[in-house]
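To keep things clear, I will list the structure first and then write my remarks on it.
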Amino acid sequence: MSLIKDVKAKAVDGLLAAGKKAIASAPDAWMPGAHPDPLAEHRNGLVGAAISRVDGPEKVQGLARFAAEIPLEGMLYAAVLFSTIPRGRIAALDTSAARSSPGVVFVMTHENAPRLKTLPPFTKNLHSAAADDVPVMQDDRIRWNGQPVAVVLAETQEQADHALSLLHPAYEPEPASTSFADARARGVEVGNFMGLLKDEVGDAEAALSAAAVHVDAVYSTPRQNHNALELHAVTVAWDGDELLVHDATQKLAHTAWSLAHAFDVKREQVRVLSPYVGGGFGGKSLWQHQILAAAASRAVGRPVRLVLSREGVYRVVGGRTLTEQRVAIGAASDGRFEALIHTGVAAMGQHNNMPEPFINPARSMYAAGAFHLEVDTVRLDMVANTFMRGPGEAMGTFALESAIDELAVKLKIDPIELRLRNEPEREPISGLPFSTRQVKRVFKDGAERFGWQHRHPTPGQRREGEWLIGMGVAAGSYPYTRMPGGAARITLRNDGHARVEIGGQEMGMGTATVHAQVVAARLGLPMSQVVVHYGDSSLPGTVMAVGSQQTAAFGAAIASAHSALVQKLLKLVKADSPLHGLGVGEVEGLDEGLVAIGDRSRRETYRSILTQSERSEVTVEAAAPLPLEFLHWAMHSHAALFCEVKVSAVTGETRVTRFLGSFDCGRILNAKTAASQLRGGIIMGLGLALMEETQFDERTGRIVNASLSEYHVPVHLDVPPIDVIWTDIADPHAPMGAHGIGELGITGTTAAVANAIYNATGRRCRSLPMTLDKVLDKVPGGL
Ligand code: MOS
């Protein structure tokens with residue numbers, strides 16, 4: 001409990017500091033909820049436009065240099081050796097052969113690594129980017145199978161890799177906890193992630209027993225690993241006590257803070273650059289490799305490049321943990337929920353705290369007479385599990401939305417109708433009103449467009465040759481989030497060009513593009529005259545790109561900075577200016593200048609304002625206002641996912657033939673990047689539904705399919721035509737009226753596939769991934 005209080009106290013401190021700064025810097029700034037952001041309501045052609053990514057051309061031309069491609073003078077290449085036992089100690093590690101191997105400059109082990117301060121995990125210190133508090137190469141302890149035990153530095157990568165093969169550590173193994181069932185038998189603890197993962201309203205078990213109809217089933221989801229196209233990589237150089245880090249990260253500022261803490265230097269002495277990231281998904285965080293590279297570099301006094309191999313990513317970078325979830329729903333004969341129970345167990349590592357919060361969807365999606373929601377945890381000797389593509393929601397919606405489909409079958413009610421009968425008036429657990437909620441609309445629009453009326457309600461009715469064909473539907477949900485710490489700097493030049501600087505991260509989702517659009521729209525400039533600088537920890541703002549919240553977090557900061565800029569410009573206007581005497585709320589940006597909203601004939605260009613006041617440019621910096629919107633409203637995005645599958649009656653193989661996502665996620669800022677985000681989310685969901693699974697050998701705690709040849713993700717042939725539609729209804733309480741959408745498309749997708757498989761075959765798959773063996777096994781003798 002003290003941890004929660006601690007985290008909450010720190011969060012509130014952070015909020016207050018950010019809020020004070022915001023109010024001081026821009027008293028007229030847009031405040032969430034006070035009135036809608038003007039950009040949410042009237043559009044000038046830029047907001048919402050399908051504009052191609054501004055970072056696209058340099059990437060496709062190969063001009064963009066990623067972290068593993070930065071050449072530095074005198075740079076050494078690193079190779080990392082991973083432990084092969086889950087728990088124990090290193091008894092002996094003879095490095096002599098490796099050290100005398102050609103090109104080798106240094107072999108680092110726990111015996112000669114620089115002394116480092118242990119990092120607090122981010123759950124204990126909000127500045128930190130670390131998932132766990134494991135000391136990095138500071139002692140002889142082995143804490144998971146795959147932990148780094150040695151780093152070789154050599155003049156070439158091949159020399160480093162070869163020398164690594166000459167290292168043969170001897171271990172003293174100790175009994176390890178690597179079996180989920182054994183750990184459960186020893187007892188579970190209620191998960192705690194910024195609050196206890198447990199909600200009880202009424203007596204859910206009693207309501208379940210008393211209900212006219214009920215379903216009660218267990219759903220299991222496996223471990224899954226991060227497989228961003230770009231391998232985790234870092235290129236580092238020390239200059240005295242100053243550390244320059246070329247990283248691939250979604251946590252710029254937090255990585256800088258963490259490395260400064262570990263090496264006991266000042267935060268300002270560490271600069272992290274990460275302009276290009278080849279996919280993040282929750283995995284591009286601070287892991288041991290950045291610390292090891294910086295430690296080795298410091299020890300030898302030369303720059304170091306460390307690129308994890310694909311196997312290395314599985315060993316060092318945590319992914320999603322496994323879960324076992326019970327969903328029980330008791331309903332009246334008209335379908336109204338009288339009890340909603342969603343409980344279960346997730347595993348965590350011994351040194352981290354990420355209890356996969358799979359109950360999140362059930363906290364907001366449906367009304368019910370009574371609730372029992374609870375995530376219990378057990379601890380295993382394994383790499384720290386972490387955020388991964390819709391943590392909580394992706395796996396929670398699999399269980400919840402499958403169970404609702406099962407209940408619809410029992411009740412003989414259309415599954416869309418059943419969901420709509422349980423639409424909540426207010427958010428059930430918190431009691432807060434929804435800021436916006438267009439669930440009926442997304443189902444209606446989606447059903448029409450997908451042709452839901454053609455679905456046969458009885459399973460197994462459509463067959464073409466060996467293929468059984470079916471349709472399924474599920475709801476998706478992801479929270480609107482806006483973390484504190486957003487800040488932005490805008491510089492406007494008198495030639496009508498603007499530069500926006502944010503400590504933001506672009507992992508390919510369109511951050512740079514969307515903020516350029518938004519700034520151009522606010523200022524009334526063409527896109528070509530706005531440039532967004534990001535990917536540098538020395539820029540304003542300490543916002544990590546997680547939880548699909550970067551657009552809102554920096555969007556709010558940019559709104560504040562824009563207000564401050566307008567205020568400054570209005571102070572500069574001369575007494576004879578048509579804008580003289582107007583306040584911030586009375587003007588807007590148009591045609592490279594400001595115009596009075598009430599009288600469009602009153603206008604002056606930026607060039608004129610700045611030239612007349614003899615300035616070549618003005619610069620303002622502002623912090624985002626406090627995310628107070630959460631105190632007043634339940635803020636979520638919603639989705640209706642429609643899936644058509646064909647399942648082979650011979651092999652049990654499922655092929656998704658059509659998919660449609662219908663979304664309610666506020667104002668869409670860029671139709672092209674939004675469609676890509678949502679479609680990408682759906683593709684990830686299809687992978688989770690049908691193929692992704694980390695094979696963790698419970699005897700040894702070893703991941704045995706640590707490669708893309710044995711860990712399957714969707715490739716082009718696995719991906720059907722995916723149709724994406726949205727309401728484009730602004731959330732009046734969010735900056736720009738927009739919600740982050742990175743993770744929304746993943747949620748509900750797995751259940752839509754499961755429900756389609758049921759409709760095609762009559763087989764209910766309650767275990768991910770729904771591989772052909774599971775589909776065939778449901779009834780002996782095949783389909
Ligand atoms: Mo997302 S899994 O919070 O990067």
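Labels for the structure tokens follow display order: chains A, B, ..., residues from 1 in each chain, ligands from 1.
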
Contacts with ligand 1 at most 10 Å, only C-alpha atoms and all ligand atoms counted, listed as a list of chain:residue names |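 The neighbouring residues of ligand 1 are, in order, A:His226, A:Gln250, A:Lys251, A:Gly279, A:Gly280, A:Phe281, A:Gly282, A:Gly283, A:Lys284, A:Ser285, A:Gly319, A:Arg320, A:Thr386, A:Phe387, A:Met388, A:Arg389, A:Gly390, A:Pro391, A:Gly392, A:Ala394, A:Met507, A:Met544, A:Ala545, A:Val546, A:Gly547, A:Ser548, A:Gln549, A:Gly742, A:Glu743.
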
Running DSSP on the backbone, which parts of range 415-656 of chain A land in strand (DSSP E), as a compact mmCIF listing (two decimals) with N, CA, C and O atoms, in the first residue's frame?
# COMPACT_ATOMS: atom_id res chain seq x y z
N ARG A 462 -22.29 -22.37 -43.22
CA ARG A 462 -21.76 -21.98 -44.53
C ARG A 462 -20.51 -22.77 -44.82
O ARG A 462 -19.56 -22.76 -44.05
N ARG A 463 -20.52 -23.48 -45.92
CA ARG A 463 -19.35 -24.27 -46.27
C ARG A 463 -19.09 -24.15 -47.77
O ARG A 463 -20.00 -24.22 -48.58
N GLU A 464 -17.80 -23.93 -48.12
CA GLU A 464 -17.40 -23.91 -49.53
C GLU A 464 -16.24 -24.88 -49.66
O GLU A 464 -15.13 -24.59 -49.24
N TRP A 467 -13.77 -25.51 -46.77
CA TRP A 467 -13.74 -24.34 -45.89
C TRP A 467 -15.10 -24.05 -45.27
O TRP A 467 -16.09 -23.89 -45.95
N LEU A 468 -15.08 -23.95 -43.93
CA LEU A 468 -16.26 -23.50 -43.17
C LEU A 468 -16.12 -22.00 -42.99
O LEU A 468 -15.04 -21.51 -42.62
N ILE A 469 -17.20 -21.27 -43.23
CA ILE A 469 -17.10 -19.81 -43.23
C ILE A 469 -17.99 -19.23 -42.14
O ILE A 469 -19.13 -19.68 -41.95
N GLY A 470 -17.46 -18.27 -41.42
CA GLY A 470 -18.24 -17.66 -40.35
C GLY A 470 -17.87 -16.20 -40.10
O GLY A 470 -16.84 -15.73 -40.57
N MET A 471 -18.75 -15.53 -39.37
CA MET A 471 -18.51 -14.13 -39.03
C MET A 471 -18.58 -13.96 -37.51
O MET A 471 -19.41 -14.60 -36.85
N GLY A 472 -17.76 -13.08 -37.02
CA GLY A 472 -17.77 -12.77 -35.59
C GLY A 472 -17.65 -11.28 -35.36
O GLY A 472 -17.17 -10.54 -36.22
N VAL A 473 -18.11 -10.86 -34.18
CA VAL A 473 -18.03 -9.45 -33.81
C VAL A 473 -17.54 -9.35 -32.38
O VAL A 473 -17.76 -10.28 -31.57
N ALA A 474 -16.87 -8.27 -32.06
CA ALA A 474 -16.47 -8.00 -30.68
C ALA A 474 -16.34 -6.50 -30.51
O ALA A 474 -16.20 -5.76 -31.49
N ALA A 475 -16.39 -6.08 -29.27
CA ALA A 475 -16.15 -4.67 -28.96
C ALA A 475 -14.70 -4.49 -28.54
O ALA A 475 -14.09 -5.41 -27.98
N GLY A 476 -14.17 -3.32 -28.81
CA GLY A 476 -12.84 -2.97 -28.33
C GLY A 476 -12.93 -1.71 -27.50
O GLY A 476 -13.93 -0.97 -27.57
N SER A 477 -11.91 -1.46 -26.70
CA SER A 477 -11.93 -0.28 -25.84
C SER A 477 -10.51 0.02 -25.40
O SER A 477 -9.76 -0.89 -25.05
N TYR A 478 -10.15 1.28 -25.43
CA TYR A 478 -8.85 1.68 -24.92
C TYR A 478 -9.01 3.06 -24.29
O TYR A 478 -9.70 3.90 -24.84
N PRO A 479 -8.37 3.28 -23.15
CA PRO A 479 -8.56 4.58 -22.49
C PRO A 479 -7.85 5.72 -23.22
O PRO A 479 -6.80 5.51 -23.81
N ALA A 487 5.50 19.41 -22.65
CA ALA A 487 5.95 20.79 -22.81
C ALA A 487 6.36 20.97 -24.26
O ALA A 487 6.67 19.99 -24.94
N ALA A 488 6.32 22.20 -24.71
CA ALA A 488 6.66 22.47 -26.11
C ALA A 488 7.22 23.87 -26.25
O ALA A 488 6.88 24.77 -25.48
N ARG A 489 8.09 24.03 -27.24
CA ARG A 489 8.65 25.34 -27.56
C ARG A 489 8.31 25.64 -29.01
O ARG A 489 8.47 24.78 -29.87
N ILE A 490 7.80 26.84 -29.26
CA ILE A 490 7.51 27.24 -30.64
C ILE A 490 8.31 28.50 -30.95
O ILE A 490 8.32 29.45 -30.17
N THR A 491 8.98 28.47 -32.08
CA THR A 491 9.69 29.66 -32.56
C THR A 491 9.06 30.06 -33.89
O THR A 491 8.94 29.23 -34.80
N LEU A 492 8.61 31.31 -33.95
CA LEU A 492 7.99 31.83 -35.17
C LEU A 492 8.91 32.89 -35.75
O LEU A 492 9.28 33.85 -35.06
N ARG A 493 9.30 32.71 -37.01
CA ARG A 493 10.21 33.67 -37.65
C ARG A 493 9.39 34.68 -38.46
O ARG A 493 8.27 34.40 -38.88
N ALA A 498 7.75 28.37 -38.89
CA ALA A 498 7.69 28.04 -37.47
C ALA A 498 8.44 26.75 -37.19
O ALA A 498 8.43 25.82 -38.00
N ARG A 499 9.08 26.74 -36.03
CA ARG A 499 9.75 25.52 -35.57
C ARG A 499 9.13 25.13 -34.23
O ARG A 499 8.95 25.97 -33.35
N VAL A 500 8.76 23.86 -34.14
CA VAL A 500 8.18 23.36 -32.90
C VAL A 500 9.16 22.35 -32.32
O VAL A 500 9.66 21.50 -33.05
N GLU A 501 9.42 22.46 -31.02
CA GLU A 501 10.36 21.53 -30.41
C GLU A 501 9.68 20.81 -29.26
O GLU A 501 9.17 21.43 -28.34
N VAL A 530 6.27 24.63 -41.52
CA VAL A 530 6.36 24.20 -40.12
C VAL A 530 7.28 22.99 -40.04
O VAL A 530 7.16 22.05 -40.83
N VAL A 531 8.23 23.05 -39.12
CA VAL A 531 9.08 21.88 -38.91
C VAL A 531 9.00 21.50 -37.44
O VAL A 531 8.97 22.35 -36.56
N VAL A 532 8.90 20.20 -37.20
CA VAL A 532 8.82 19.69 -35.82
C VAL A 532 10.13 19.00 -35.48
O VAL A 532 10.57 18.11 -36.20
N HIS A 533 10.76 19.46 -34.41
CA HIS A 533 11.97 18.80 -33.91
C HIS A 533 11.59 17.94 -32.72
O HIS A 533 10.83 18.36 -31.86
N VAL A 587 -8.66 36.04 -31.34
CA VAL A 587 -8.00 35.94 -32.65
C VAL A 587 -7.70 34.49 -32.98
O VAL A 587 -7.69 33.63 -32.10
N GLU A 588 -7.44 34.24 -34.24
CA GLU A 588 -6.94 32.92 -34.64
C GLU A 588 -5.96 33.08 -35.78
O GLU A 588 -5.90 34.12 -36.42
N GLY A 589 -5.20 32.00 -36.02
CA GLY A 589 -4.21 32.03 -37.08
C GLY A 589 -4.87 31.82 -38.43
O GLY A 589 -5.71 30.93 -38.59
N LEU A 590 -4.51 32.65 -39.41
CA LEU A 590 -5.05 32.51 -40.76
C LEU A 590 -4.11 33.19 -41.75
O LEU A 590 -3.66 34.32 -41.48
N GLY A 593 -0.90 34.87 -40.54
CA GLY A 593 -1.03 35.98 -39.62
C GLY A 593 -2.17 35.71 -38.65
O GLY A 593 -2.67 34.59 -38.55
N LEU A 594 -2.55 36.75 -37.93
CA LEU A 594 -3.66 36.64 -36.99
C LEU A 594 -4.86 37.40 -37.54
O LEU A 594 -4.71 38.46 -38.17
N VAL A 595 -6.05 36.87 -37.26
CA VAL A 595 -7.27 37.53 -37.70
C VAL A 595 -8.23 37.57 -36.50
O VAL A 595 -8.25 36.65 -35.68
N ALA A 596 -9.01 38.67 -36.41
CA ALA A 596 -9.99 38.76 -35.33
C ALA A 596 -11.15 37.84 -35.67
O ALA A 596 -11.68 37.86 -36.79
N ARG A 603 -6.95 42.08 -39.44
CA ARG A 603 -5.91 41.06 -39.52
C ARG A 603 -4.54 41.70 -39.73
O ARG A 603 -4.42 42.81 -40.21
N GLU A 604 -3.51 40.95 -39.36
CA GLU A 604 -2.14 41.40 -39.61
C GLU A 604 -1.25 40.17 -39.73
O GLU A 604 -1.43 39.19 -39.00
N THR A 605 -0.32 40.23 -40.68
CA THR A 605 0.54 39.04 -40.87
C THR A 605 1.61 38.99 -39.79
O THR A 605 1.97 40.01 -39.19
N GLU A 617 12.43 36.92 -34.91
CA GLU A 617 11.64 35.76 -34.47
C GLU A 617 11.20 35.93 -33.03
O GLU A 617 11.73 36.77 -32.30
N VAL A 618 10.19 35.16 -32.64
CA VAL A 618 9.81 35.07 -31.23
C VAL A 618 9.77 33.59 -30.84
O VAL A 618 9.41 32.74 -31.65
N THR A 619 10.13 33.34 -29.59
CA THR A 619 10.12 31.97 -29.09
C THR A 619 9.33 31.93 -27.79
O THR A 619 9.48 32.82 -26.95
N VAL A 620 8.49 30.93 -27.66
CA VAL A 620 7.78 30.72 -26.40
C VAL A 620 7.92 29.25 -26.02
O VAL A 620 8.08 28.38 -26.88
N GLU A 621 7.85 28.99 -24.73
CA GLU A 621 7.85 27.61 -24.26
C GLU A 621 6.77 27.49 -23.20
O GLU A 621 6.59 28.42 -22.40
N ALA A 622 6.03 26.42 -23.23
CA ALA A 622 4.97 26.24 -22.24
C ALA A 622 4.81 24.77 -21.91
O ALA A 622 5.10 23.89 -22.72
N ALA A 623 4.31 24.55 -20.70
CA ALA A 623 4.00 23.18 -20.28
C ALA A 623 2.51 22.93 -20.51
O ALA A 623 1.72 23.87 -20.57
N HIS A 636 -12.65 7.26 -22.88
CA HIS A 636 -12.24 6.03 -23.56
C HIS A 636 -12.51 6.14 -25.06
O HIS A 636 -13.40 6.88 -25.48
N SER A 637 -11.78 5.35 -25.80
CA SER A 637 -12.13 5.13 -27.20
C SER A 637 -12.85 3.78 -27.28
O SER A 637 -12.68 2.93 -26.41
N HIS A 638 -13.64 3.65 -28.33
CA HIS A 638 -14.44 2.43 -28.46
C HIS A 638 -14.31 1.90 -29.88
O HIS A 638 -14.02 2.65 -30.80
N ALA A 639 -14.59 0.61 -30.00
CA ALA A 639 -14.47 0.01 -31.32
C ALA A 639 -15.45 -1.14 -31.47
O ALA A 639 -15.82 -1.78 -30.49
N ALA A 640 -15.87 -1.36 -32.69
CA ALA A 640 -16.60 -2.58 -33.04
C ALA A 640 -15.79 -3.26 -34.13
O ALA A 640 -15.46 -2.65 -35.14
N LEU A 641 -15.42 -4.50 -33.85
CA LEU A 641 -14.56 -5.24 -34.77
C LEU A 641 -15.36 -6.37 -35.41
O LEU A 641 -16.02 -7.14 -34.70
N PHE A 642 -15.29 -6.44 -36.72
CA PHE A 642 -16.04 -7.45 -37.47
C PHE A 642 -15.05 -8.33 -38.24
O PHE A 642 -14.17 -7.80 -38.92
N CYS A 643 -15.23 -9.62 -38.12
CA CYS A 643 -14.27 -10.55 -38.72
C CYS A 643 -15.01 -11.64 -39.50
O CYS A 643 -16.02 -12.16 -39.04
N GLU A 644 -14.48 -11.95 -40.67
CA GLU A 644 -14.96 -13.13 -41.40
C GLU A 644 -13.78 -14.09 -41.54
O GLU A 644 -12.68 -13.66 -41.89
N VAL A 645 -14.02 -15.35 -41.22
CA VAL A 645 -12.95 -16.34 -41.34
C VAL A 645 -13.42 -17.50 -42.21
O VAL A 645 -14.62 -17.73 -42.39
N LYS A 646 -12.44 -18.21 -42.74
CA LYS A 646 -12.73 -19.54 -43.24
C LYS A 646 -11.81 -20.50 -42.50
O LYS A 646 -10.63 -20.21 -42.28
N VAL A 647 -12.38 -21.62 -42.07
CA VAL A 647 -11.63 -22.60 -41.29
C VAL A 647 -11.64 -23.91 -42.08
O VAL A 647 -12.71 -24.39 -42.49
N SER A 648 -10.46 -24.45 -42.29
CA SER A 648 -10.38 -25.70 -43.06
C SER A 648 -10.91 -26.86 -42.23
O SER A 648 -10.43 -27.11 -41.12
N THR A 654 -7.17 -21.63 -39.71
CA THR A 654 -8.07 -20.48 -39.84
C THR A 654 -7.42 -19.44 -40.74
O THR A 654 -6.26 -19.07 -40.55
N ARG A 655 -8.17 -18.97 -41.69
CA ARG A 655 -7.72 -17.83 -42.49
C ARG A 655 -8.74 -16.71 -42.35
O ARG A 655 -9.94 -16.93 -42.56
N VAL A 656 -8.25 -15.54 -41.96
CA VAL A 656 -9.13 -14.38 -41.87
C VAL A 656 -9.31 -13.86 -43.28
O VAL A 656 -8.33 -13.55 -43.97

Residues near Ala212 in chain A, cut-off 7 Å, only C-alpha atoms, skip fewer than 4 positions along chain, as a list in words =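 Neighbouring residues, sequence-local ones excluded: Ala331, Ala332 and Ser333 of chain A.
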
Hey, what's within 12 Å of Gly598 in chain A if we count only C-alpha atoms and toss same-chain stuff fewer than 6 positions away? As a short mmCIF file (atom, residue, chain, number, x, y, z; two decimals) with C-alpha atoms, in the first residue's frame, please?
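Now in around00.cif:
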data_model
loop_
_atom_site.label_atom_id
_atom_site.label_comp_id
_atom_site.auth_asym_id
_atom_site.auth_seq_id
_atom_site.Cartn_x
_atom_site.Cartn_y
_atom_site.Cartn_z
CA LEU A 579 -5.39 43.72 -33.96
CA LEU A 582 -7.63 42.08 -28.84
CA GLY A 583 -7.08 39.19 -26.42
CA GLY A 585 -9.35 34.17 -27.32
CA GLU A 586 -10.42 36.79 -29.86
CA VAL A 587 -8.00 35.94 -32.65
CA GLU A 588 -6.94 32.92 -34.64
#

Could you pull out the residues in range 695-767 of chain A that DSSP calls alpha helix (DSSP H) from the backbone, as a list of chain:residue names?
->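 Secondary structure check on range 695-767 of chain A, alpha helix (DSSP H): A:Thr749, A:Thr750, A:Ala751, A:Ala752, A:Val753, A:Ala754, A:Asn755, A:Ala756, A:Ile757, A:Tyr758, A:Asn759, A:Ala760, A:Thr761.
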
Output file for the residues above (C-alpha atoms, as an mmCIF file, in the first residue's frame):
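result-v6.cif was written with the following content:
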data_model
loop_
_atom_site.group_PDB
_atom_site.id
_atom_site.type_symbol
_atom_site.label_atom_id
_atom_site.label_comp_id
_atom_site.auth_asym_id
_atom_site.auth_seq_id
_atom_site.Cartn_x
_atom_site.Cartn_y
_atom_site.Cartn_z
ATOM 1 C CA THR A 749 -9.612 -8.118 -32.458
ATOM 2 C CA THR A 750 -8.671 -11.504 -30.978
ATOM 3 C CA ALA A 751 -12.223 -12.041 -29.716
ATOM 4 C CA ALA A 752 -13.704 -11.078 -33.086
ATOM 5 C CA VAL A 753 -11.592 -13.854 -34.623
ATOM 6 C CA ALA A 754 -12.545 -16.360 -31.888
ATOM 7 C CA ASN A 755 -16.215 -15.510 -32.319
ATOM 8 C CA ALA A 756 -15.943 -15.916 -36.092
ATOM 9 C CA ILE A 757 -14.272 -19.309 -35.648
ATOM 10 C CA TYR A 758 -17.191 -20.327 -33.428
ATOM 11 C CA ASN A 759 -19.693 -19.136 -35.999
ATOM 12 C CA ALA A 760 -17.862 -21.021 -38.744
ATOM 13 C CA THR A 761 -17.328 -24.284 -36.861
#

Pick from A:Ala384, A:Asp182, A:Arg615, A:Thr84: nearest to Val704 in chain A, with only C-alpha atoms counted?
->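 The shortest atom-to-atom distance to Val704 in chain A comes from A:Thr84.
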
Write out as number ranges by chain the residues lying within 8 Å of range 418-433 of chain A, counting only C-alpha atoms and excluding same-chain residues fewer than 3 positions away.
-> A: 199, 201, 335-337, 363-368, 404, 408, 413-415, 439-440, 632-634

Which residue gives the smallest distance to Pro148 in chain A among A:Ala176, A:Ala92, A:Val215, A:Val383, with only C-alpha atoms counted?
->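 Residue with the minimum atom-to-atom distance to Pro148 in chain A: A:Val383.
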
Surrounding residues of range 267-276 of chain A excluding itself and chain neighbours under 5 positions, 8 Å, only C-alpha atoms, as a count of residues only = 30

Report the closest atom pair, with its distance in Å rounded to one decimal, for each residue of range 246-364 of chain A that has an atom no farther than 9 Å from range 110-120 of chain A; count only C-alpha atoms, sort by chain and then rising residue number, and write it as a Markdown table.
| residue | atom | partner | partner_atom | distance |
| --- | --- | --- | --- | --- |
| A:Ser258 | CA | A:Leu119 | CA | 6.8 |
| A:Leu259 | CA | A:Leu119 | CA | 8.7 |
| A:His261 | CA | A:Lys117 | CA | 6.7 |
| A:Ala262 | CA | A:Lys117 | CA | 4.5 |
| A:Phe263 | CA | A:Leu116 | CA | 5.6 |
| A:Asp264 | CA | A:Lys117 | CA | 7.0 |
| A:Leu292 | CA | A:Ala113 | CA | 8.6 |
| A:Ala295 | CA | A:Pro114 | CA | 6.1 |
| A:Ala296 | CA | A:Ala113 | CA | 7.2 |
| A:Arg298 | CA | A:Pro114 | CA | 7.8 |
| A:Ala299 | CA | A:Pro114 | CA | 6.6 |

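Using only C-alpha atoms for every distance, the candidate list A:Pro732, A:Pro102, A:Gly318, A:Pro459 yields A:Pro459 as the residue closest to Arg764 in chain A.
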
So how far away is CA of Leu678 in chain A from CA of Ser560 in chain A, in Å?
->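 Distance reported for this atom pair: 28.1 Å.
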
Mind dumping a table of every range 695-717 of chain A residue within 8 Å of range 131-145 of chain A, with the nearest atom pair and its distance in Å to one decimal, using only C-alpha atoms, sorted by chain and rising number, as a tab-separated table?
residue	atom	partner	partner_atom	distance
A:Thr700	CA	A:Asn145	CA	7.5
A:Gly701	CA	A:Asn145	CA	5.8
A:Arg702	CA	A:Asn145	CA	5.5

Min atom-atom distance to Thr542 in chain A from the set A:Thr123, A:Ser96, A:Ser128, A:Thr747, counting only C-alpha atoms, belongs to A:Ser128

Residue with smallest distance to Ala521 in chain A - pool A:Ile558, A:Ala40, A:Val300, A:Val47, counting only C-alpha atoms |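 Among the listed residues, the smallest separation from Ala521 in chain A belongs to A:Val47.
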
Atomic distance CA of Glu155 in chain A - CA of Val104 in chain A, expressed in Å with one decimal =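 Atom-to-atom, CA of Glu155 in chain A and CA of Val104 in chain A are spaced 6.6 Å apart.
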
Looking at only C-alpha atoms, which of A:Leu768, A:Ala211, A:Met483, A:Leu72 is the one that sits closest to Glu338 in chain A?
->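 Result for the nearest residue to Glu338 in chain A: A:Ala211.
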
Please identify all polymer residues within 7 Å of Leu380 in chain A, counting only C-alpha atoms, omitting same-chain residues fewer than 2 positions from it, and present them as an NGL selection string.
-> :A and (177-178 or 347-350 or 378 or 382)

Can I get the selected residues back with N, CA, C and O atoms, as a PDB file, in the first residue's frame?
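In the end it all went to result_15.pdb:
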ATOM      1  N   SER A 177      11.960 -20.755  -9.698  1.00  0.00           N
ATOM      2  CA  SER A 177      10.510 -20.774  -9.850  1.00  0.00           C
ATOM      3  C   SER A 177      10.189 -20.460 -11.306  1.00  0.00           C
ATOM      4  O   SER A 177      10.250 -19.313 -11.733  1.00  0.00           O
ATOM      5  N   THR A 178       9.909 -21.487 -12.080  1.00  0.00           N
ATOM      6  CA  THR A 178       9.651 -21.282 -13.503  1.00  0.00           C
ATOM      7  C   THR A 178       8.337 -21.923 -13.957  1.00  0.00           C
ATOM      8  O   THR A 178       7.993 -21.862 -15.130  1.00  0.00           O
ATOM      9  N   ALA A 347       1.465 -13.753 -14.436  1.00  0.00           N
ATOM     10  CA  ALA A 347       2.796 -13.926 -13.840  1.00  0.00           C
ATOM     11  C   ALA A 347       3.591 -12.636 -13.985  1.00  0.00           C
ATOM     12  O   ALA A 347       3.355 -11.852 -14.905  1.00  0.00           O
ATOM     13  N   MET A 348       4.514 -12.426 -13.057  1.00  0.00           N
ATOM     14  CA  MET A 348       5.464 -11.315 -13.163  1.00  0.00           C
ATOM     15  C   MET A 348       6.854 -11.856 -12.859  1.00  0.00           C
ATOM     16  O   MET A 348       6.994 -12.931 -12.277  1.00  0.00           O
ATOM     17  N   GLY A 349       7.873 -11.074 -13.217  1.00  0.00           N
ATOM     18  CA  GLY A 349       9.226 -11.434 -12.810  1.00  0.00           C
ATOM     19  C   GLY A 349       9.399 -11.179 -11.315  1.00  0.00           C
ATOM     20  O   GLY A 349       8.502 -10.645 -10.650  1.00  0.00           O
ATOM     21  N   GLN A 350      10.563 -11.533 -10.807  1.00  0.00           N
ATOM     22  CA  GLN A 350      10.802 -11.366  -9.360  1.00  0.00           C
ATOM     23  C   GLN A 350      11.127  -9.921  -9.009  1.00  0.00           C
ATOM     24  O   GLN A 350      11.048  -9.543  -7.843  1.00  0.00           O
ATOM     25  N   VAL A 378       1.504 -13.937  -9.626  1.00  0.00           N
ATOM     26  CA  VAL A 378       2.522 -14.817  -9.060  1.00  0.00           C
ATOM     27  C   VAL A 378       3.858 -14.357  -9.626  1.00  0.00           C
ATOM     28  O   VAL A 378       3.899 -13.665 -10.645  1.00  0.00           O
ATOM     29  N   MET A 382      12.061 -14.976 -14.345  1.00  0.00           N
ATOM     30  CA  MET A 382      12.027 -14.714 -15.792  1.00  0.00           C
ATOM     31  C   MET A 382      12.354 -13.250 -16.013  1.00  0.00           C
ATOM     32  O   MET A 382      12.328 -12.455 -15.075  1.00  0.00           O
TER      33      MET A 382
END
